[in-house]
file upload_8.cif (mmCIF, C-alpha atoms and all ligand atoms)
data_model
loop_
_atom_site.label_atom_id
_atom_site.label_comp_id
_atom_site.auth_asym_id
_atom_site.auth_seq_id
_atom_site.Cartn_x
_atom_site.Cartn_y
_atom_site.Cartn_z
CA MET S 1 -180.99 73.42 -7.38
CA LYS S 2 -184.46 74.77 -8.06
CA LEU S 3 -187.78 73.16 -8.73
CA ILE S 4 -189.33 74.91 -11.74
CA SER S 5 -192.61 73.02 -11.97
CA GLU S 6 -194.38 69.95 -10.74
CA LYS S 7 -197.43 68.36 -12.29
CA ILE S 8 -199.24 66.12 -9.84
CA LYS S 9 -201.81 63.48 -10.66
CA ASP S 10 -203.64 61.33 -8.09
CA PHE S 11 -201.21 61.83 -5.23
CA ARG S 12 -203.01 61.55 -1.85
CA ASN S 13 -205.94 64.02 -1.91
CA ILE S 14 -204.45 65.95 -4.85
CA LYS S 15 -206.24 64.75 -8.01
CA ASN S 16 -204.62 67.22 -10.39
CA ALA S 17 -202.32 70.13 -9.69
CA ASP S 18 -199.79 72.26 -11.52
CA PHE S 19 -197.33 73.92 -9.21
CA PHE S 20 -194.85 76.62 -10.20
CA PRO S 21 -192.90 77.66 -7.11
CA SER S 22 -190.94 80.88 -6.86
CA THR S 23 -187.16 80.51 -7.05
CA ALA S 24 -187.05 82.02 -3.55
CA VAL S 25 -189.82 81.55 -0.97
CA THR S 26 -193.24 80.07 -1.69
CA VAL S 27 -195.87 79.79 1.01
CA ILE S 28 -198.61 77.18 0.83
CA CYS S 29 -201.45 78.21 3.05
CA GLY S 30 -204.64 76.44 3.93
CA GLU S 31 -206.59 75.03 6.81
CA ASN S 32 -205.86 71.74 8.53
CA GLY S 33 -206.26 68.59 6.47
CA GLN S 34 -206.37 70.33 3.07
CA GLY S 35 -203.28 68.78 1.48
CA LYS S 36 -200.39 71.15 2.29
CA THR S 37 -198.11 68.44 3.65
CA ASN S 38 -199.20 66.16 0.81
CA LEU S 39 -197.82 68.72 -1.65
CA LEU S 40 -194.44 68.81 0.14
CA GLU S 41 -194.45 65.03 0.28
CA SER S 42 -195.02 64.87 -3.50
CA ILE S 43 -192.03 67.18 -4.05
CA PHE S 44 -189.89 65.09 -1.73
CA MET S 45 -190.79 61.97 -3.75
CA LEU S 46 -188.84 63.53 -6.65
CA THR S 47 -185.62 62.78 -4.76
CA GLY S 48 -186.34 59.10 -5.42
CA ALA S 49 -186.47 58.31 -1.70
CA LYS S 50 -189.39 56.84 0.22
CA SER S 51 -191.92 59.25 1.68
CA PHE S 52 -190.65 61.14 4.73
CA ARG S 53 -193.89 60.18 6.44
CA HIS S 54 -192.86 56.52 6.52
CA VAL S 55 -195.85 55.07 4.69
CA LYS S 56 -195.94 52.39 2.04
CA ASP S 57 -195.80 53.42 -1.63
CA ARG S 58 -199.19 51.85 -2.26
CA GLU S 59 -200.82 54.15 0.32
CA LEU S 60 -199.82 57.28 -1.59
CA PRO S 61 -202.06 57.21 -4.70
CA ASN S 62 -205.43 58.89 -4.38
CA LYS S 63 -207.92 56.47 -2.88
CA ASN S 64 -210.41 57.03 -5.72
CA SER S 65 -207.87 56.63 -8.49
CA THR S 66 -206.64 53.59 -10.39
CA GLY S 67 -203.94 53.21 -7.75
CA GLN S 68 -201.07 55.08 -9.31
CA SER S 69 -199.75 58.60 -8.75
CA VAL S 70 -197.86 60.37 -11.51
CA LEU S 71 -195.44 63.19 -10.66
CA GLU S 72 -193.78 65.11 -13.46
CA SER S 73 -191.25 67.77 -12.69
CA VAL S 74 -188.90 70.18 -14.34
CA PHE S 75 -185.99 71.38 -12.24
CA PHE S 76 -182.73 73.21 -12.62
CA ALA S 77 -179.56 71.46 -11.48
CA GLU S 78 -175.97 71.01 -12.68
CA GLY S 79 -176.38 74.16 -14.75
CA ARG S 80 -179.29 72.94 -16.87
CA LYS S 81 -182.98 72.18 -16.98
CA GLN S 82 -183.79 68.57 -16.22
CA GLU S 83 -186.89 66.44 -15.91
CA ILE S 84 -187.98 63.70 -13.56
CA ARG S 85 -191.11 61.62 -13.98
CA ILE S 86 -192.10 59.25 -11.19
CA THR S 87 -194.98 56.85 -10.81
CA VAL S 88 -195.86 55.63 -7.34
CA GLY S 89 -198.17 52.78 -6.44
CA SER S 90 -198.41 49.09 -5.63
CA LYS S 91 -195.55 48.40 -8.06
CA GLY S 92 -193.31 50.71 -6.04
CA ARG S 93 -191.62 53.86 -7.28
CA ILE S 94 -190.52 53.95 -10.92
CA ALA S 95 -188.67 56.94 -12.33
CA SER S 96 -187.25 58.28 -15.51
CA LEU S 97 -184.70 61.07 -15.68
CA ASN S 98 -184.64 63.41 -18.68
CA ARG S 99 -186.99 61.09 -20.57
CA GLY S 100 -184.53 58.20 -20.30
CA SER S 101 -185.48 54.61 -19.60
CA GLU S 102 -187.51 53.71 -16.53
CA ARG S 103 -185.70 52.49 -13.46
CA LYS S 104 -186.16 52.17 -9.74
CA ALA S 105 -186.69 55.62 -8.26
CA SER S 106 -183.98 55.02 -5.63
CA GLU S 107 -181.42 55.15 -8.48
CA LEU S 108 -182.21 58.85 -8.85
CA ALA S 109 -180.39 59.55 -5.59
CA GLY S 110 -178.51 62.85 -5.75
CA LYS S 111 -180.23 64.21 -8.88
CA PHE S 112 -182.83 66.29 -7.07
CA CYS S 113 -182.19 66.97 -3.39
CA CYS S 114 -184.48 68.25 -0.67
CA VAL S 115 -184.17 68.86 3.02
CA VAL S 116 -187.46 68.56 4.88
CA PHE S 117 -188.29 70.06 8.25
CA SER S 118 -191.50 68.73 9.65
CA PRO S 119 -193.06 68.39 13.08
CA GLU S 120 -192.61 64.65 12.63
CA HIS S 121 -188.87 65.19 12.74
CA LEU S 122 -189.08 65.93 16.46
CA ASP S 123 -188.63 62.18 16.66
CA LEU S 124 -185.04 62.86 15.73
CA VAL S 125 -184.48 63.99 19.29
CA LYS S 126 -187.33 62.33 21.16
CA GLY S 127 -187.69 59.09 19.27
CA THR S 128 -185.90 55.77 19.18
CA PRO S 129 -182.39 55.21 17.77
CA ALA S 130 -184.10 53.86 14.62
CA GLU S 131 -185.39 57.39 13.84
CA ARG S 132 -181.90 58.81 14.05
CA ARG S 133 -180.43 56.04 11.93
CA ARG S 134 -183.14 56.68 9.35
CA PHE S 135 -182.23 60.36 9.29
CA ILE S 136 -178.53 59.63 8.65
CA ASP S 137 -179.31 56.91 6.12
CA THR S 138 -181.74 59.07 4.13
CA ALA S 139 -179.23 61.91 3.98
CA LEU S 140 -176.26 59.72 3.07
CA CYS S 141 -178.22 57.91 0.36
CA GLN S 142 -178.77 61.27 -1.34
CA ILE S 143 -175.16 62.45 -1.20
CA SER S 144 -172.90 59.39 -1.13
CA PRO S 145 -173.35 57.13 -4.15
CA GLY S 146 -171.83 54.01 -2.57
CA TYR S 147 -173.80 54.26 0.64
CA LEU S 148 -177.15 52.95 -0.57
CA SER S 149 -175.69 49.77 -2.08
CA ASP S 150 -173.65 49.08 1.07
CA LEU S 151 -176.73 49.63 3.22
CA ARG S 152 -178.85 47.34 1.06
CA GLU S 153 -176.25 44.60 1.11
CA TYR S 154 -175.79 44.90 4.86
CA THR S 155 -179.56 44.79 5.44
CA ARG S 156 -179.85 41.71 3.23
CA LEU S 157 -177.06 39.90 5.10
CA LEU S 158 -178.54 40.97 8.42
CA ALA S 159 -181.93 39.48 7.58
CA GLN S 160 -180.32 36.20 6.53
CA LYS S 161 -178.10 36.01 9.60
CA ASN S 162 -181.04 36.81 11.88
CA ALA S 163 -183.04 34.01 10.28
CA LEU S 164 -180.19 31.61 11.04
CA LEU S 165 -179.91 32.82 14.62
CA LYS S 166 -183.62 32.45 15.17
CA ASP S 167 -183.55 28.84 14.17
CA ALA S 168 -181.99 27.65 17.41
CA ARG S 169 -182.26 23.93 16.54
CA ASN S 170 -179.76 24.21 13.75
CA ILE S 171 -177.45 26.69 15.35
CA ALA S 172 -174.53 24.25 15.76
CA ALA S 173 -174.75 23.23 12.12
CA ALA S 174 -174.88 26.90 11.10
CA PHE S 175 -171.56 27.92 12.65
CA ASP S 176 -169.69 27.88 9.35
CA MET S 177 -172.42 29.92 7.74
CA LEU S 178 -172.37 32.42 10.59
CA GLU S 179 -168.67 32.89 10.07
CA VAL S 180 -169.20 33.70 6.40
CA TYR S 181 -171.90 36.20 7.29
CA ASP S 182 -169.77 37.81 9.98
CA GLU S 183 -166.96 38.45 7.55
CA ARG S 184 -169.14 39.95 4.86
CA MET S 185 -171.12 41.99 7.36
CA ALA S 186 -167.98 43.34 9.04
CA GLU S 187 -166.82 44.74 5.72
CA LYS S 188 -170.13 46.50 5.04
CA ALA S 189 -170.43 47.59 8.68
CA SER S 190 -167.02 49.20 8.46
CA SER S 191 -168.01 51.19 5.39
CA LEU S 192 -171.39 52.25 6.85
CA ALA S 193 -169.92 53.25 10.21
CA SER S 194 -167.17 55.36 8.68
CA PHE S 195 -169.61 57.14 6.34
CA ARG S 196 -171.92 57.82 9.29
CA ARG S 197 -169.18 58.91 11.66
CA LYS S 198 -167.83 61.39 9.14
CA PHE S 199 -171.33 62.66 8.43
CA SER S 200 -172.14 63.09 12.12
CA THR S 201 -168.94 65.07 12.70
CA GLU S 202 -169.85 67.42 9.86
CA LEU S 203 -173.40 67.59 11.14
CA GLU S 204 -172.21 68.51 14.60
CA THR S 205 -170.09 71.37 13.30
CA GLY S 206 -173.01 72.89 11.38
CA ALA S 207 -175.68 72.17 13.97
CA SER S 208 -173.75 73.52 16.94
CA GLU S 209 -173.08 76.73 15.03
CA ALA S 210 -176.77 77.07 14.11
CA TYR S 211 -177.93 76.16 17.61
CA SER S 212 -175.72 78.77 19.24
CA SER S 213 -176.97 81.47 16.86
CA VAL S 214 -180.62 80.62 17.52
CA SER S 215 -180.18 80.53 21.25
CA GLY S 216 -178.13 83.74 21.32
CA ASP S 217 -175.01 81.80 22.42
CA ARG S 218 -176.64 80.89 25.72
CA GLU S 219 -176.86 77.17 24.99
CA SER S 220 -174.56 74.63 23.41
CA PHE S 221 -175.21 71.67 21.12
CA SER S 222 -173.01 68.63 20.67
CA MET S 223 -173.38 65.20 19.22
CA ARG S 224 -171.67 61.82 19.12
CA TYR S 225 -171.98 58.75 16.94
CA LEU S 226 -172.48 55.84 19.33
CA SER S 227 -171.29 52.71 17.63
CA THR S 228 -172.09 49.26 19.05
CA THR S 229 -168.94 47.99 17.38
CA GLY S 230 -166.59 50.44 19.09
CA ASP S 231 -164.78 53.53 17.89
CA ASP S 232 -162.54 51.77 15.39
CA ASP S 233 -164.12 51.35 11.95
CA ASP S 234 -161.42 48.97 10.70
CA PRO S 235 -163.16 45.85 9.28
CA GLU S 236 -160.81 43.50 11.16
CA GLU S 237 -161.64 45.19 14.44
CA ILE S 238 -165.38 45.12 13.72
CA LEU S 239 -165.15 41.45 12.80
CA ARG S 240 -163.47 40.79 16.13
CA MET S 241 -166.32 42.58 17.94
CA ILE S 242 -169.00 40.75 15.95
CA SER S 243 -167.34 37.37 16.64
CA ALA S 244 -167.12 38.20 20.33
CA ALA S 245 -170.86 38.91 20.35
CA ARG S 246 -171.64 35.47 18.88
CA SER S 247 -172.86 33.89 22.14
CA ASP S 248 -175.07 36.92 22.89
CA ASP S 249 -176.47 36.73 19.36
CA ILE S 250 -177.33 33.05 19.77
CA ARG S 251 -178.87 33.63 23.18
CA MET S 252 -181.00 36.52 21.94
CA GLY S 253 -181.77 35.04 18.53
CA TYR S 254 -180.68 38.11 16.55
CA CYS S 255 -177.58 40.18 15.72
CA THR S 256 -176.97 42.27 18.80
CA ILE S 257 -174.31 44.63 17.43
CA GLY S 258 -173.62 46.43 14.17
CA PRO S 259 -174.74 49.60 12.36
CA HIS S 260 -178.36 48.47 12.68
CA ARG S 261 -178.05 49.05 16.44
CA ASP S 262 -175.99 52.26 16.44
CA ASP S 263 -177.27 55.64 17.58
CA LEU S 264 -176.55 59.34 17.56
CA GLU S 265 -176.39 61.00 20.93
CA ILE S 266 -177.56 64.60 20.94
CA LEU S 267 -176.48 66.74 23.88
CA LEU S 268 -177.67 70.18 24.92
CA ASN S 269 -175.36 71.88 27.38
CA GLY S 270 -173.73 68.48 27.85
CA ASP S 271 -176.92 66.60 28.80
CA PRO S 272 -178.87 64.20 26.57
CA ALA S 273 -181.50 66.29 24.77
CA ARG S 274 -183.91 63.35 24.68
CA VAL S 275 -184.10 63.26 28.47
CA TYR S 276 -183.46 66.80 29.64
CA GLY S 277 -184.32 69.08 26.69
CA SER S 278 -187.46 71.22 26.89
CA GLN S 279 -189.93 71.12 23.99
CA GLY S 280 -188.57 74.35 22.55
CA GLN S 281 -184.97 73.22 22.95
CA GLN S 282 -185.72 69.91 21.26
CA ARG S 283 -187.37 71.74 18.37
CA THR S 284 -184.44 74.07 18.03
CA ALA S 285 -182.06 71.09 18.07
CA VAL S 286 -183.97 69.46 15.18
CA LEU S 287 -183.96 72.72 13.28
CA ALA S 288 -180.21 73.06 13.83
CA LEU S 289 -179.65 69.50 12.57
CA LYS S 290 -181.72 70.19 9.48
CA LEU S 291 -179.88 73.43 8.71
CA ALA S 292 -176.62 71.52 9.10
CA GLU S 293 -177.92 68.81 6.76
CA ALA S 294 -178.73 71.46 4.14
CA GLY S 295 -175.21 72.88 4.58
CA ILE S 296 -173.61 69.47 4.00
CA PHE S 297 -175.72 68.91 0.86
CA ARG S 298 -174.66 72.32 -0.41
CA LYS S 299 -170.99 71.50 0.09
CA LYS S 300 -171.16 67.96 -1.32
CA LEU S 301 -173.31 68.71 -4.35
CA GLY S 302 -172.18 72.23 -5.05
CA GLU S 303 -175.91 73.02 -5.18
CA GLU S 304 -178.44 74.39 -2.73
CA PRO S 305 -180.95 71.69 -1.80
CA VAL S 306 -184.61 72.68 -1.99
CA LEU S 307 -185.96 73.33 1.52
CA LEU S 308 -189.39 71.99 2.41
CA LEU S 309 -190.57 73.50 5.68
CA ASP S 310 -193.73 71.91 6.99
CA ASP S 311 -195.56 73.95 9.58
CA VAL S 312 -192.28 74.88 11.19
CA LEU S 313 -192.92 78.52 11.93
CA SER S 314 -195.99 77.98 14.06
CA GLU S 315 -193.87 76.09 16.53
CA LEU S 316 -191.21 78.75 16.97
CA ASP S 317 -191.22 82.02 18.86
CA GLY S 318 -190.82 85.29 16.97
CA SER S 319 -187.05 85.64 17.18
CA ARG S 320 -186.52 82.03 16.12
CA GLN S 321 -188.89 82.46 13.15
CA GLU S 322 -186.95 85.51 12.02
CA PHE S 323 -183.65 83.74 12.44
CA LEU S 324 -184.86 80.84 10.32
CA LEU S 325 -186.18 83.04 7.51
CA ARG S 326 -182.93 84.98 7.42
CA ARG S 327 -180.98 81.73 7.25
CA LEU S 328 -182.86 80.61 4.13
CA GLY S 329 -180.55 82.89 2.15
CA GLY S 330 -180.48 82.03 -1.54
CA SER S 331 -182.21 78.68 -1.21
CA GLN S 332 -185.52 77.86 -2.73
CA ALA S 333 -187.92 77.25 0.15
CA ILE S 334 -191.47 75.96 0.11
CA ILE S 335 -193.20 76.60 3.39
CA THR S 336 -196.59 75.42 4.60
CA CYS S 337 -198.44 77.56 7.05
CA CYS S 338 -201.94 78.07 8.39
CA ASP S 339 -201.38 81.83 8.75
CA PRO S 340 -199.35 83.29 5.85
CA ASN S 341 -199.31 86.85 7.17
CA PHE S 342 -196.00 86.62 8.94
CA ILE S 343 -194.08 85.30 5.95
CA GLU S 344 -195.76 87.72 3.56
CA ARG S 345 -194.50 90.53 5.75
CA GLU S 346 -190.96 89.19 5.99
CA THR S 347 -190.23 88.12 2.42
CA ASP S 348 -191.61 88.69 -1.07
CA ALA S 349 -192.99 85.18 -1.03
CA ASP S 350 -195.40 83.81 -3.61
CA VAL S 351 -198.50 82.51 -1.89
CA TRP S 352 -200.52 79.49 -3.00
CA GLN S 353 -203.75 78.29 -1.45
CA MET S 354 -204.49 74.59 -0.86
CA THR S 355 -208.13 73.68 -0.33
CA GLY S 356 -209.39 70.11 -0.43
CA GLY S 357 -206.46 69.01 -2.57
CA VAL S 358 -206.98 71.87 -5.06
CA LEU S 359 -204.01 74.19 -5.46
CA ASN S 360 -204.32 77.78 -6.69
CA LYS S 361 -201.92 80.68 -6.84
CA LYS S 362 -203.07 83.75 -4.90
CA GLU S 363 -202.59 86.99 -6.80
N1 LIG U 1 -204.21 58.24 -0.41
C1 LIG U 1 -205.07 59.25 -0.15
N2 LIG U 1 -206.14 59.46 -0.95
C2 LIG U 1 -206.99 60.48 -0.70
N3 LIG U 1 -206.85 61.33 0.32
C3 LIG U 1 -205.80 61.17 1.14
C4 LIG U 1 -204.85 60.12 0.94
N4 LIG U 1 -203.92 60.21 1.93
C5 LIG U 1 -204.29 61.25 2.70
N5 LIG U 1 -205.40 61.84 2.23
C6 LIG U 1 -206.10 63.01 2.79
O1 LIG U 1 -205.22 64.11 2.83
C7 LIG U 1 -205.63 64.98 3.87
C8 LIG U 1 -204.48 65.44 4.71
O2 LIG U 1 -203.61 66.18 3.97
P1 LIG U 1 -202.34 66.87 4.63
O3 LIG U 1 -201.71 66.00 5.63
O4 LIG U 1 -201.52 67.35 3.49
O5 LIG U 1 -203.05 68.10 5.37
P2 LIG U 1 -202.43 69.50 5.77
O6 LIG U 1 -203.01 70.54 4.88
O7 LIG U 1 -200.95 69.39 5.83
O8 LIG U 1 -203.06 69.66 7.20
P3 LIG U 1 -202.42 70.18 8.61
O9 LIG U 1 -202.48 71.67 8.57
O10 LIG U 1 -203.34 69.59 9.60
O11 LIG U 1 -201.05 69.64 8.69
C9 LIG U 1 -206.59 64.23 4.75
O12 LIG U 1 -207.87 64.76 4.58
C10 LIG U 1 -206.51 62.80 4.22
O13 LIG U 1 -207.71 62.12 4.31
MG MG U 2 -199.66 69.22 7.39
#
call {"tool": "encode", "arguments": {"input": "upload_8.cif", "output": "structure tokens"}}
result
Amino acid sequence: MKLISEKIKDFRNIKNADFFPSTAVTVICGENGQGKTNLLESIFMLTGAKSFRHVKDRELPNKNSTGQSVLESVFFAEGRKQEIRITVGSKGRIASLNRGSERKASELAGKFCCVVFSPEHLDLVKGTPAERRRFIDTALCQISPGYLSDLREYTRLLAQKNALLKDARNIAAAFDMLEVYDERMAEKASSLASFRRKFSTELETGASEAYSSVSGDRESFSMRYLSTTGDDDDPEEILRMISAARSDDIRMGYCTIGPHRDDLEILLNGDPARVYGSQGQQRTAVLALKLAEAGIFRKKLGEEPVLLLDDVLSELDGSRQEFLLRRLGGSQAIITCCDPNFIERETDADVWQMTGGVLNKKE
């Protein structure tokens, strides 16, 4: 999968830009606050997903515009040239693929795939379980067609059940309703948990291999999916667990177990990375997870995802930078950097300059 061109209008501080990345490595250089990450974010939007910076769609259009960003791209996937056009704004994200009819951008899932590495992803190790669930969910939505609809349905049921649980006055009258919710949620929970468990096993295989290579085999990486509904993803078993949690749910006023409370435990040399990992080890762990994610995409889609590397090199020591650049292999990579010298030396990268939202190719 390769991005051939992107035409950007009114996205963040980028009023107008035409970007033609190299099929191999492209470096975007520029000082702080010039719009480098904004460019990567605009490319990521072409996947149809929400921004990786967790902001609302309506915050993305340029502040001095009419309130809508337009992103038009040509890319190569499934053996042919394809096009995606997306508008982003207060009406959400609307997309059309190959000039077809307009639909919700989330329906594009799997057409154009990116893996992003960004300093914000350190939250994958350091942050709350919600960050790790978001990571798994975003990845699975891109590669597993059924996952998004199951997740949506589960989230909808969860909100309704929580509303019932909150309303303590009517809780006795709501018992029949709760039972109906439990059954439907158990089914969706079973599907979500088994997708996630399988994904985390594959992720662990790839990430532990990458982590050992980066650390020169001195350190080990492992990972576990921690499910609040136990290790058995059978719907009957999950329903039993959910029913058993009923009194806790009523006492707390929300659903206390289910995929919305699950977590991924990341271990370095057998200890939780969140607690014991050093800064550099945590960064390397995130990098390893992201490389593993790219590997899974490659296998599932039969295509290399586009790699978006935001300011990643500046945080790594020399040997880790070199390792990463070597690992990029045949993938298309778009890398932001304040100092492009290193990458220019290491690869035959194209270099583009971003200044105040204006993008120019450096000759
Ligand atoms: N909706 C918006 N409209 C206009 N400008 C915006 C909007 N959102 C963000 N910006 C501007 O974009 C700039 C930040 O861009 P970005 O995060 O891409 O910088 P960067 O080049 O990646 O910097 P750094 O090297 O610090 O990471 C800020 O100046 C910010 O004010
Ligand atoms: Mg940035």
call {"tool": "residues_near_point", "arguments": {"input": "upload_8.cif", "point": "(-174.2, 69.1, 22.7)", "cutoff": "10 Å", "atoms": "only C-alpha atoms", "output": "MDAnalysis selection string"}}
result
chainID S and resid 204 207:208 211 219:224 265:273 285
call {"tool": "residues_near_ligand", "arguments": {"input": "upload_8.cif", "ligand": "ligand MG 2 (chain U)", "cutoff": "7 Å", "atoms": "all atoms listed in the file", "output": "ChimeraX atom specification"}}
result
/S:32-33,35-37,310-311
call {"tool": "write_last_selection", "arguments": {"input": "upload_8.cif", "atoms": "C-alpha atoms", "output": "PDB file, in the frame of the given file"}}
result
ATOM      1  CA  ASN S  32    -205.860  71.740   8.530  1.00  0.00           C
ATOM      2  CA  GLY S  33    -206.260  68.590   6.470  1.00  0.00           C
ATOM      3  CA  GLY S  35    -203.280  68.780   1.480  1.00  0.00           C
ATOM      4  CA  LYS S  36    -200.390  71.150   2.290  1.00  0.00           C
ATOM      5  CA  THR S  37    -198.110  68.440   3.650  1.00  0.00           C
ATOM      6  CA  ASP S 310    -193.730  71.910   6.990  1.00  0.00           C
ATOM      7  CA  ASP S 311    -195.560  73.950   9.580  1.00  0.00           C
TER       8      ASP S 311
END
call {"tool": "closest_residue", "arguments": {"input": "upload_8.cif", "among": "S:Glu83, S:Glu107, S:Glu78, S:Asp248", "to": "Gly48 (chain S)", "atoms": "all atoms listed in the file"}}
result
S:Glu107
call {"tool": "residues_near_ligand", "arguments": {"input": "upload_8.cif", "ligand": "ligand LIG 1 (chain U)", "cutoff": "10 Å", "atoms": "all atoms listed in the file", "output": "PyMOL selection string"}}
result
chain S and resi 10-15+28-42+53+55+57-65+67-69+118-119+310-311+336-338+354-357
call {"tool": "residues_near_point", "arguments": {"input": "upload_8.cif", "point": "(-183.0, 65.6, 0.6)", "cutoff": "7 Å", "atoms": "all atoms listed in the file", "output": "MDAnalysis selection string"}}
result
chainID S and resid 47 113:116 139 142 305
call {"tool": "residues_around", "arguments": {"input": "upload_8.cif", "residues": "Ile4 (chain S)", "least_positions_apart": "4", "cutoff": "8 Å", "atoms": "all atoms listed in the file", "output": "list in words"}}
result
Phe20, Pro21, Ser22, Thr23, Ser73, Val74, Phe75 and Phe76 of chain S
call {"tool": "residues_around", "arguments": {"input": "upload_8.cif", "residues": "Arg274 (chain S)", "least_positions_apart": "3", "cutoff": "7 Å", "atoms": "only C-alpha atoms", "output": "PyMOL selection string"}}
result
chain S and resi 125-126+277
call {"tool": "atom_distance", "arguments": {"input": "upload_8.cif", "atom1": "CA of Arg103 (chain S)", "atom2": "CA of Cys141 (chain S)"}}
result
16.6 Å
call {"tool": "residues_around", "arguments": {"input": "upload_8.cif", "residues": "Lys299 (chain S)", "least_positions_apart": "4", "cutoff": "12 Å", "atoms": "only C-alpha atoms", "output": "PyMOL selection string"}}
result
chain S and resi 143+202-203+206+292-295+303-305
call {"tool": "closest_residue", "arguments": {"input": "upload_8.cif", "among": "S:Val88, S:Ile334, S:Val286, S:Ile238", "to": "Leu309 (chain S)", "atoms": "all atoms listed in the file"}}
result
S:Ile334
